[in-house]
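Asks: Got a structure for you, written out below as structure tokens; questions coming shortly.
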Number of protein chains: 2
Amino acid sequence: MSTSLTKGEKTRDKIIRKAAAVFNQRGYSGTSISELMEETGLEKGGIYRHFESKEELAVAAFDYAWSEIEKRRRAMLDEIPTPLGKLHGMIDGFAVKPSAVPGGCALMNTAIVADDGNPALRAHAREALRKWLDSLEALVRQGIEKGEIALGVSPAAIASTIIATLEGALMMSRLSNDRSPLDNARKHLHRLLDDIGRKVR
Amino acid sequence: MSTSLTKGEKTRDKIIRKAAAVFNQRGYSGTSISELMEETGLEKGGIYRHFESKEELAVAAFDYAWSEIEKRRRAMLDEIPTPLGKLHGMIDGFAVKPSAVPGGCALMNTAIVADDGNPALRAHAREALRKWLDSLEALVRQGIEKGEIALGVSPAAIASTIIATLEGALMMSRLSNDRSPLDNARKHLHRLLDDIGRKVR
């Protein structure tokens with residue numbers, strides 16, 4: 001946070017940060033205004049001075065959570081020189097590192113309820129998924145162009161499979177309080193990348 | 001439903017069936033008693049005559065939803081003679097057929113909120129996942145014993161990867177309103193089974 005923020009901007013940022021953790025742990029419908037008041041230490045009016053509604057705050061909180069996840073991911077991937085290496089690194093980062101915001105993957109937590117009365121929130125989650133898929137597809141394509149990954153591999157299918165396997169495994173690991181689903185997913189996906197890489201050589 | 005049920009038992013069953021669809025679509029926290037009253041056409045007292053609390057009803061509704069899913073799955077798999085064939089069939093059933101209860105996979109929908117104030121519900125979801133994993137592990141083991149699947153394959157790892165990939169893909173397909181993540185998952189998992197099968201021959 002820059003120190004040049006006004007007091008109002010700082011309060012707004014604080015509300016978003018605190019709300020992101022609450023929404024991500026308790027879900028959008030499961031989060032009450034009184035819990036948000038308790039977490040932020042603000043009165044109802046203090047929160048609604050900055051956000052028109054719980055819906056609007058939830059969207060801002062999701063965007064914040066996702067931007068934190070993306071920031072971490074980008075910083076980690078910038079250290080890795082090759083597209084195939086970045087794909088391996090993304091898998092390890094997801095499977096091994098704790099989530100940037102408490103409560104697990106903000107995307108899955110937001111995506112899962114079919115009808116939560118907040119279509120704007122779902123639209124932001126949909127857009128986040130689209131961008132994540134695009135970034136993995138781009139890495140697979142770059143890997144093909146650089147000759148690291150076999151021709152004929154479908155970037156869209158690989159990107160989709162990586163995200164599905166990681167997200168599903170995270171759900172299972174969180175539910176069972178057991179790391180093995182994430183460990184299995186990680187090993188399986190590294191092997192998948194080895195396979196599509198190996199065909200080149 | 002058997003016709004030998006008493007009127008009270010019939011009402012209880014109806015409440016569970018209706019509640020299962022509401023909880024699965026709106027989430028446990030997102031479902032209010034007034035919605036359950038509207039769906040069942042009963043007064044609050046009429047619901048609470050059969051269930052001590054919303055928590056207890058949610059557990060009964062989850063168990064009902066999961067038993068419907070298992071019943072369908074078992075009926076489908078009974079038609080397939082070989083363990084490896086059953087694994088292929090389970091993947092197709094999950095990826096292609098609509099869910100037994102509206103709102104997608106009851107397991108994922110129940111699993112996803114980290115802190116919904118209903119630990120009994122989470123325990124039932126955890127047990128459902130454990131049993132699903134066990135049934136897939138048993139099929140992989142039977143496939144190894146019958147010589148359909150290569151020795152050295154880990155039944156636990158294969159079972160975990162299949163469920164993770166399907167559940168994650170379902171989340172993505174539901175969020176993006178696009179079948180391709182589930183289609184990609186299905187193809188990927190069939191190929192995985194072909195690989196662990198092919199090593200035998």
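Residue numbers start at 1 in each chain; chains themselves are named A, B, ... in the order of the structure tokens; ligands are numbered from 1 in the order shown.
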Please, which residues of chain A lie no more than 6 Å from chain B when the count uses only C-alpha atoms, and can they be set out as number ranges by chain?
Replies: A: 25-26, 29-30, 111, 113-116, 126, 157, 160-161, 164-165, 167-169, 175-176, 181, 184-185
Asks: For region 140-151 of chain A, please output as a ChimeraX atom specification all residues within 10 Å (counting only C-alpha atoms; exclusion window: fewer than 4 positions along the same chain).
Replies: /A:82-87,134-136,155-156,158-159,193-201
Asks: Find the distance between CA of Glu55 (chain A) and CA of Ala120 (chain A) and write it in Å to one decimal.
Replies: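 Taking CA of Glu55 (chain A) as the start and CA of Ala120 (chain A) as the end point, the length is 7.8 Å.
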Asks: Taking the DSSP secondary structure from the backbone, can you list the residues of region 16-110 of chain A that are helix (DSSP H, G or I), as a ChimeraX atom specification?
Replies: /A:16-26,33-40,44-48,54-78,83-96,106-110
Asks: Show which residues sit within 9 Å of Ile15 (chain B), as a CSV table (one decimal) with N, CA and C atoms, in the first residue's frame. Count only C-alpha atoms, and ignore same-chain residues fewer than 6 positions away.
Replies:
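Dumped everything to out35.csv:
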```csv
chain,number,residue,atom,x,y,z
B,36,LEU,N,-36.9,-22.9,2.4
B,36,LEU,CA,-37.3,-24.4,2.6
B,36,LEU,C,-38.8,-24.5,2.8
B,39,GLU,N,-40.4,-24.1,-0.7
B,39,GLU,CA,-40.2,-25.3,-1.5
B,39,GLU,C,-41.0,-26.5,-1.1
B,40,THR,N,-41.1,-26.7,0.3
B,40,THR,CA,-41.8,-27.8,0.8
B,40,THR,C,-43.3,-27.6,0.9
B,42,LEU,N,-44.5,-26.2,3.5
B,42,LEU,CA,-44.8,-26.5,4.9
B,42,LEU,C,-44.5,-25.2,5.8
B,47,ILE,N,-41.7,-28.4,9.4
B,47,ILE,CA,-40.4,-28.8,9.1
B,47,ILE,C,-39.7,-29.3,10.4
B,50,HIS,N,-40.0,-32.7,12.1
B,50,HIS,CA,-39.2,-33.8,11.6
B,50,HIS,C,-37.7,-33.7,11.8
B,57,LEU,N,-31.3,-31.2,9.1
B,57,LEU,CA,-31.9,-31.4,7.8
B,57,LEU,C,-30.9,-31.4,6.7
B,61,ALA,N,-30.3,-34.2,3.9
B,61,ALA,CA,-30.4,-33.8,2.5
B,61,ALA,C,-29.2,-34.2,1.7
```
Asks: Rounded to one decimal place, report the CA of Phe62 (chain B)-CA of Ile33 (chain B) distance in Å.
Replies: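 Taking CA of Phe62 (chain B) as the start and CA of Ile33 (chain B) as the end point, the length is 16.4 Å.
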Asks: Could you check how far CA of His190 (chain B) sits from CA of Ala95 (chain A), in Å to one decimal?
Replies: 23.7 Å
